[in-house]
file my_file13.tsv (TSV, C-alpha atoms)
chain	number	residue	atom	x	y	z
A	1	PHE	CA	1.33	10.48	-7.41
A	2	THR	CA	1.96	13.16	-10.03
A	3	THR	CA	1.79	10.60	-12.82
A	4	MET	CA	-1.45	9.16	-11.42
A	5	ASN	CA	-2.96	12.63	-11.09
A	6	GLN	CA	-1.92	13.58	-14.64
A	7	ARG	CA	-3.30	10.33	-16.05
A	8	PHE	CA	-6.53	10.13	-14.03
A	9	GLY	CA	-7.08	13.65	-12.67
A	10	THR	CA	-9.46	14.75	-15.42
A	11	GLN	CA	-11.86	11.87	-14.73
A	12	PHE	CA	-11.38	11.20	-11.03
A	13	THR	CA	-10.47	12.94	-7.82
A	14	VAL	CA	-7.15	11.50	-6.69
A	15	VAL	CA	-6.53	11.76	-2.94
A	16	GLY	CA	-3.23	10.84	-1.35
A	17	TYR	CA	-3.28	9.66	2.24
A	18	ASN	CA	-0.05	10.34	4.13
A	19	TYR	CA	0.03	7.75	6.89
A	20	HIS	CA	2.54	7.63	9.72
A	21	TYR	CA	4.87	4.64	9.47
A	22	PHE	CA	4.45	3.48	13.06
A	23	ASP	CA	1.50	5.22	14.68
A	24	ILE	CA	-0.98	2.55	13.64
A	25	ARG	CA	-3.68	3.65	16.08
A	26	GLU	CA	-3.53	7.28	14.91
A	27	ASN	CA	-3.55	6.20	11.24
A	28	CYS	CA	-6.73	4.22	11.80
A	29	LEU	CA	-8.41	7.03	13.77
A	30	GLN	CA	-7.49	9.72	11.23
A	31	PHE	CA	-8.52	7.60	8.28
A	32	ASP	CA	-11.81	6.68	9.91
A	33	ARG	CA	-12.55	10.35	10.47
A	34	PHE	CA	-11.53	11.21	6.88
A	35	TYR	CA	-13.58	8.34	5.47
A	36	HIS	CA	-16.75	9.37	7.30
A	37	GLU	CA	-16.31	13.09	6.55
A	38	ALA	CA	-15.23	12.93	2.90
A	39	LEU	CA	-15.37	9.49	1.32
A	40	GLN	CA	-18.39	7.58	2.60
A	41	GLY	CA	-21.03	7.08	-0.05
A	42	LYS	CA	-18.67	7.85	-2.95
A	43	GLU	CA	-17.45	5.43	-5.59
A	44	LEU	CA	-13.95	4.54	-4.45
A	45	ILE	CA	-10.87	2.73	-5.69
A	46	PHE	CA	-8.01	2.44	-3.21
A	47	ALA	CA	-4.49	2.28	-4.58
A	48	GLY	CA	-1.10	2.07	-2.95
A	49	THR	CA	2.46	0.99	-3.50
A	50	SER	CA	4.78	-0.78	-1.07
A	51	LEU	CA	3.62	-0.12	2.50
A	52	GLY	CA	0.90	2.06	0.97
A	53	GLY	CA	-0.29	-1.05	-0.88
A	54	PHE	CA	-0.56	-2.82	2.44
A	55	TRP	CA	-2.62	0.07	3.85
A	56	ALA	CA	-4.80	0.30	0.71
A	57	HIS	CA	-5.69	-3.35	1.12
A	58	VAL	CA	-6.23	-3.31	4.89
A	59	LEU	CA	-8.33	-0.13	4.85
A	60	GLY	CA	-10.11	-1.11	1.64
A	61	ALA	CA	-11.22	-4.37	3.26
A	62	GLU	CA	-12.23	-2.56	6.46
A	63	TYR	CA	-14.40	-0.02	4.60
A	64	ARG	CA	-15.59	-2.48	1.96
A	65	VAL	CA	-14.11	-0.49	-0.92
A	66	PRO	CA	-15.09	-2.38	-4.09
A	67	LYS	CA	-11.76	-2.03	-5.92
A	68	ALA	CA	-8.11	-1.87	-4.95
A	69	ILE	CA	-4.89	-1.48	-6.92
A	70	LEU	CA	-1.88	-2.81	-5.02
A	71	ILE	CA	1.57	-2.16	-6.45
A	72	ASN	CA	4.33	-4.29	-4.93
A	73	PRO	CA	2.34	-4.38	-1.69
A	74	VAL	CA	4.25	-5.18	1.47
A	75	MET	CA	2.70	-8.43	2.61
A	76	ASP	CA	4.33	-8.52	6.04
A	77	PRO	CA	5.34	-5.06	7.34
A	78	VAL	CA	7.13	-6.52	10.38
A	79	ALA	CA	9.38	-8.73	8.24
A	80	ILE	CA	10.11	-6.07	5.60
A	81	LEU	CA	10.61	-3.13	7.97
A	82	SER	CA	12.78	-5.20	10.31
A	83	THR	CA	15.38	-5.46	7.53
A	84	PHE	CA	15.88	-1.72	8.01
A	85	LYS	CA	16.13	-1.94	11.81
A	86	ASN	CA	19.10	-0.12	13.33
A	87	ALA	CA	19.95	1.47	9.98
A	88	HIS	CA	20.13	5.24	9.49
A	89	ASN	CA	16.79	5.79	7.81
A	90	TYR	CA	15.74	9.13	6.44
A	91	SER	CA	12.51	9.72	4.58
A	92	GLU	CA	13.16	12.28	1.89
A	93	LYS	CA	9.44	12.45	1.15
A	94	ARG	CA	8.54	13.20	4.78
A	95	LYS	CA	11.73	15.08	5.67
A	96	GLU	CA	12.22	13.10	8.85
A	97	ARG	CA	14.58	10.58	10.37
A	98	ILE	CA	12.92	7.24	10.97
A	99	ILE	CA	14.11	4.97	13.73
A	100	ILE	CA	12.83	1.42	13.47
A	101	THR	CA	12.59	-0.49	16.74
A	102	ARG	CA	11.07	-3.83	17.75
A	103	GLU	CA	8.39	-1.96	19.71
A	104	LYS	CA	7.38	0.03	16.63
A	105	LEU	CA	7.36	-3.07	14.45
A	106	ASP	CA	5.13	-4.90	16.93
A	107	ARG	CA	2.41	-2.29	16.34
A	108	TYR	CA	1.79	-3.90	12.94
A	109	ARG	CA	1.23	-7.38	14.34
A	110	PRO	CA	-2.58	-7.08	14.74
A	111	LEU	CA	-2.91	-6.07	11.07
A	112	SER	CA	-2.57	-8.40	8.12
A	113	ILE	CA	-3.53	-8.70	4.48
A	114	SER	CA	-6.55	-10.95	4.27
A	115	ARG	CA	-7.01	-13.38	1.43
A	116	GLN	CA	-10.62	-12.20	1.28
A	117	TYR	CA	-11.49	-8.81	-0.19
A	118	PRO	CA	-14.98	-7.33	-0.55
A	119	GLY	CA	-14.47	-6.53	-4.24
A	120	ARG	CA	-11.84	-6.77	-6.97
A	121	ARG	CA	-8.08	-6.29	-6.70
A	122	LEU	CA	-5.46	-5.54	-9.31
A	123	VAL	CA	-2.06	-6.53	-7.96
A	124	ILE	CA	1.00	-5.33	-9.89
A	125	LEU	CA	4.37	-6.88	-9.04
A	126	THR	CA	7.89	-6.72	-10.40
A	127	ARG	CA	10.24	-9.68	-10.44
A	128	ASN	CA	13.25	-7.47	-9.67
A	129	ASP	CA	11.77	-5.88	-6.56
A	130	ASP	CA	14.81	-5.03	-4.43
A	131	VAL	CA	12.85	-4.70	-1.17
A	132	GLN	CA	10.89	-7.94	-1.06
A	133	ASP	CA	10.51	-11.23	-2.86
A	134	PHE	CA	7.73	-10.76	-5.42
A	135	ALA	CA	7.00	-14.50	-5.29
A	136	ILE	CA	5.51	-14.18	-1.80
A	137	ALA	CA	2.84	-11.75	-2.98
A	138	ALA	CA	2.38	-13.64	-6.26
A	139	GLY	CA	1.75	-16.85	-4.34
A	140	PHE	CA	-0.65	-15.12	-1.97
A	141	PHE	CA	-2.77	-13.55	-4.72
A	142	LYS	CA	-2.41	-16.18	-7.46
A	143	HIS	CA	-5.58	-18.10	-8.34
A	144	ARG	CA	-7.79	-15.71	-6.35
A	145	PRO	CA	-11.09	-15.18	-8.23
A	146	ASP	CA	-11.25	-11.60	-6.89
A	147	THR	CA	-7.73	-10.69	-8.08
A	148	GLU	CA	-6.05	-9.88	-11.37
A	149	LEU	CA	-2.30	-10.33	-11.08
A	150	ALA	CA	0.18	-8.57	-13.39
A	151	VAL	CA	3.89	-9.34	-13.04
A	152	PHE	CA	6.53	-7.27	-14.84
A	153	ASP	CA	10.08	-8.56	-15.26
A	154	ARG	CA	11.58	-5.19	-14.35
A	155	GLY	CA	10.61	-2.02	-12.56
A	156	GLY	CA	12.14	-2.35	-9.12
A	157	HIS	CA	10.18	-1.80	-5.95
A	158	THR	CA	8.84	1.60	-7.00
A	159	ILE	CA	7.54	1.13	-10.52
A	160	ASP	CA	7.97	3.96	-13.01
A	161	PHE	CA	4.74	3.67	-14.95
A	162	ASN	CA	6.20	5.70	-17.80
A	163	THR	CA	8.41	2.64	-18.45
A	164	HIS	CA	5.31	0.46	-18.62
A	165	ALA	CA	3.01	2.95	-20.38
A	166	ASP	CA	2.08	0.29	-22.97
A	167	ALA	CA	0.65	-1.88	-20.19
A	168	MET	CA	-1.59	0.95	-19.01
A	169	ALA	CA	-3.04	1.80	-22.44
call {"tool": "encode", "arguments": {"input": "my_file13.tsv", "output": "C-alpha cells"}}
result
Amino acid sequence: FTTMNQRFGTQFTVVGYNYHYFDIRENCLQFDRFYHEALQGKELIFAGTSLGGFWAHVLGAEYRVPKAILINPVMDPVAILSTFKNAHNYSEKRKERIIITREKLDRYRPLSISRQYPGRRLVILTRNDDVQDFAIAAGFFKHRPDTELAVFDRGGHTIDFNTHADAMA
C-alpha cells in the first residue's frame, strides 16, 4: 500500500479497504455503506492482491467499477483458504489469530469471480506464486477481451513492485 500511495498518491486518492476474512455479510454491508457515502459518482479503479484481488473483482463487478487491477487474485477462496485449515494462523497485519473452519469457508460459497466484468481488468500474475497455481487464473482470464494479462516469472504471491519497476514505467 505504501508503494502504491507513493507512486500514485499525488494524482489519485488511494483508499485501502480492510475487510474481515470471514464475515462476508458484514464486509458487504460495510462496503455498501462506504460506497454510497464516499465513492459513488467518483471515477474509480479497484485494485487488490491475493484475497483482496478477489474482493476487488467481486465488489468492482457489483458496483460496476470500470477498471480493476487484480494481483495474484485468489480465484477460489474456499480452496485456497482450506489449505490453511487447522494451522496456527496469525495475521501480523491485523494483529489477530485466525482460525479457519469449514463453517467459515462455506461463507464464501455464494461469491465467485465472474468471467464478465463491466469494464477493463489488468490481471498481474507470477509463475512462482507459492500460495496458488498461477495457471488457474491465467486460464480463467486468458483471451478475455476485457482483460489484459501480465505474467511475471518471479515475484511470489505478494509481488514487490520495486523488483518489477521497469514493468510499471
call {"tool": "residues_around", "arguments": {"input": "my_file13.tsv", "residues": "A:Glu62", "least_positions_apart": "3", "cutoff": "10 Å", "atoms": "all atoms listed in the file", "output": "VMD selection string"}}
result
chain A and resid 32 56 to 59 65 117 to 118
call {"tool": "closest_residue", "arguments": {"input": "my_file13.tsv", "among": "A:Asn18, A:Gln40, A:Ser114, A:Ser82", "to": "A:Ala137", "atoms": "only C-alpha atoms"}}
result
A:Ser114
call {"tool": "closest_atom_pairs", "arguments": {"input": "my_file13.tsv", "of": "stretch 44-85 of chain A", "to": "stretch 94-111 of chain A", "cutoff": "10 Å", "atoms": "only C-alpha atoms", "output": "Markdown table"}}
result
| residue | atom | partner | partner_atom | distance |
| --- | --- | --- | --- | --- |
| A:Phe54 | CA | A:Leu111 | CA | 9.5 |
| A:Trp55 | CA | A:Leu111 | CA | 9.5 |
| A:Val58 | CA | A:Leu111 | CA | 7.5 |
| A:Asp76 | CA | A:Tyr108 | CA | 8.7 |
| A:Pro77 | CA | A:Tyr108 | CA | 6.7 |
| A:Val78 | CA | A:Leu105 | CA | 5.3 |
| A:Ala79 | CA | A:Leu105 | CA | 8.6 |
| A:Ile80 | CA | A:Leu105 | CA | 9.7 |
| A:Leu81 | CA | A:Leu105 | CA | 7.2 |
| A:Ser82 | CA | A:Leu105 | CA | 7.1 |
| A:Thr83 | CA | A:Ile100 | CA | 9.4 |
| A:Phe84 | CA | A:Ile100 | CA | 7.0 |
| A:Lys85 | CA | A:Ile100 | CA | 5.0 |
call {"tool": "closest_residue", "arguments": {"input": "my_file13.tsv", "among": "A:Asn89, A:Asn72, A:Thr49, A:Gln116", "to": "A:Pro145", "atoms": "all atoms listed in the file"}}
result
A:Gln116
call {"tool": "closest_residue", "arguments": {"input": "my_file13.tsv", "among": "A:Gly16, A:Thr126, A:Gln132, A:Tyr63", "to": "A:His36", "atoms": "only C-alpha atoms"}}
result
A:Tyr63
call {"tool": "residues_around", "arguments": {"input": "my_file13.tsv", "residues": "A:Asp133", "least_positions_apart": "3", "cutoff": "12 Å", "atoms": "all atoms listed in the file", "output": "PyMOL selection string"}}
result
chain A and resi 72-76+79-80+125-130+136-140+156-157
call {"tool": "axis_aligned_box", "arguments": {"input": "my_file13.tsv", "around": "stretch 20-30 of chain A", "padding_each_side": "3 Å", "output": "AutoDock Vina command-line options"}}
result
--center_x -1.8 --center_y 6.1 --center_z 12.8 --size_x 19.3 --size_y 13.2 --size_z 12.6
call {"tool": "atom_distance", "arguments": {"input": "my_file13.tsv", "atom1": "atom CA of A:Tyr21", "atom2": "atom CA of A:Arg64"}}
result
22.9 Å
call {"tool": "residues_around", "arguments": {"input": "my_file13.tsv", "residues": "A:Ala47", "least_positions_apart": "4", "cutoff": "7 Å", "atoms": "all atoms listed in the file", "output": "PyMOL selection string"}}
result
chain A and resi 53+56+68-70
call {"tool": "atom_distance", "arguments": {"input": "my_file13.tsv", "atom1": "atom CA of A:Ser50", "atom2": "atom CA of A:Thr158"}}
result
7.6 Å
call {"tool": "atom_distance", "arguments": {"input": "my_file13.tsv", "atom1": "atom CA of A:Arg120", "atom2": "atom CA of A:Arg144"}}
result
9.8 Å
call {"tool": "closest_residue", "arguments": {"input": "my_file13.tsv", "among": "A:Asp153, A:Val15, A:Ile71, A:Phe134", "to": "A:Leu122", "atoms": "all atoms listed in the file"}}
result
A:Ile71
call {"tool": "closest_residue", "arguments": {"input": "my_file13.tsv", "among": "A:His143, A:Arg154, A:His20, A:Lys93", "to": "A:Leu51", "atoms": "only C-alpha atoms"}}
result
A:His20
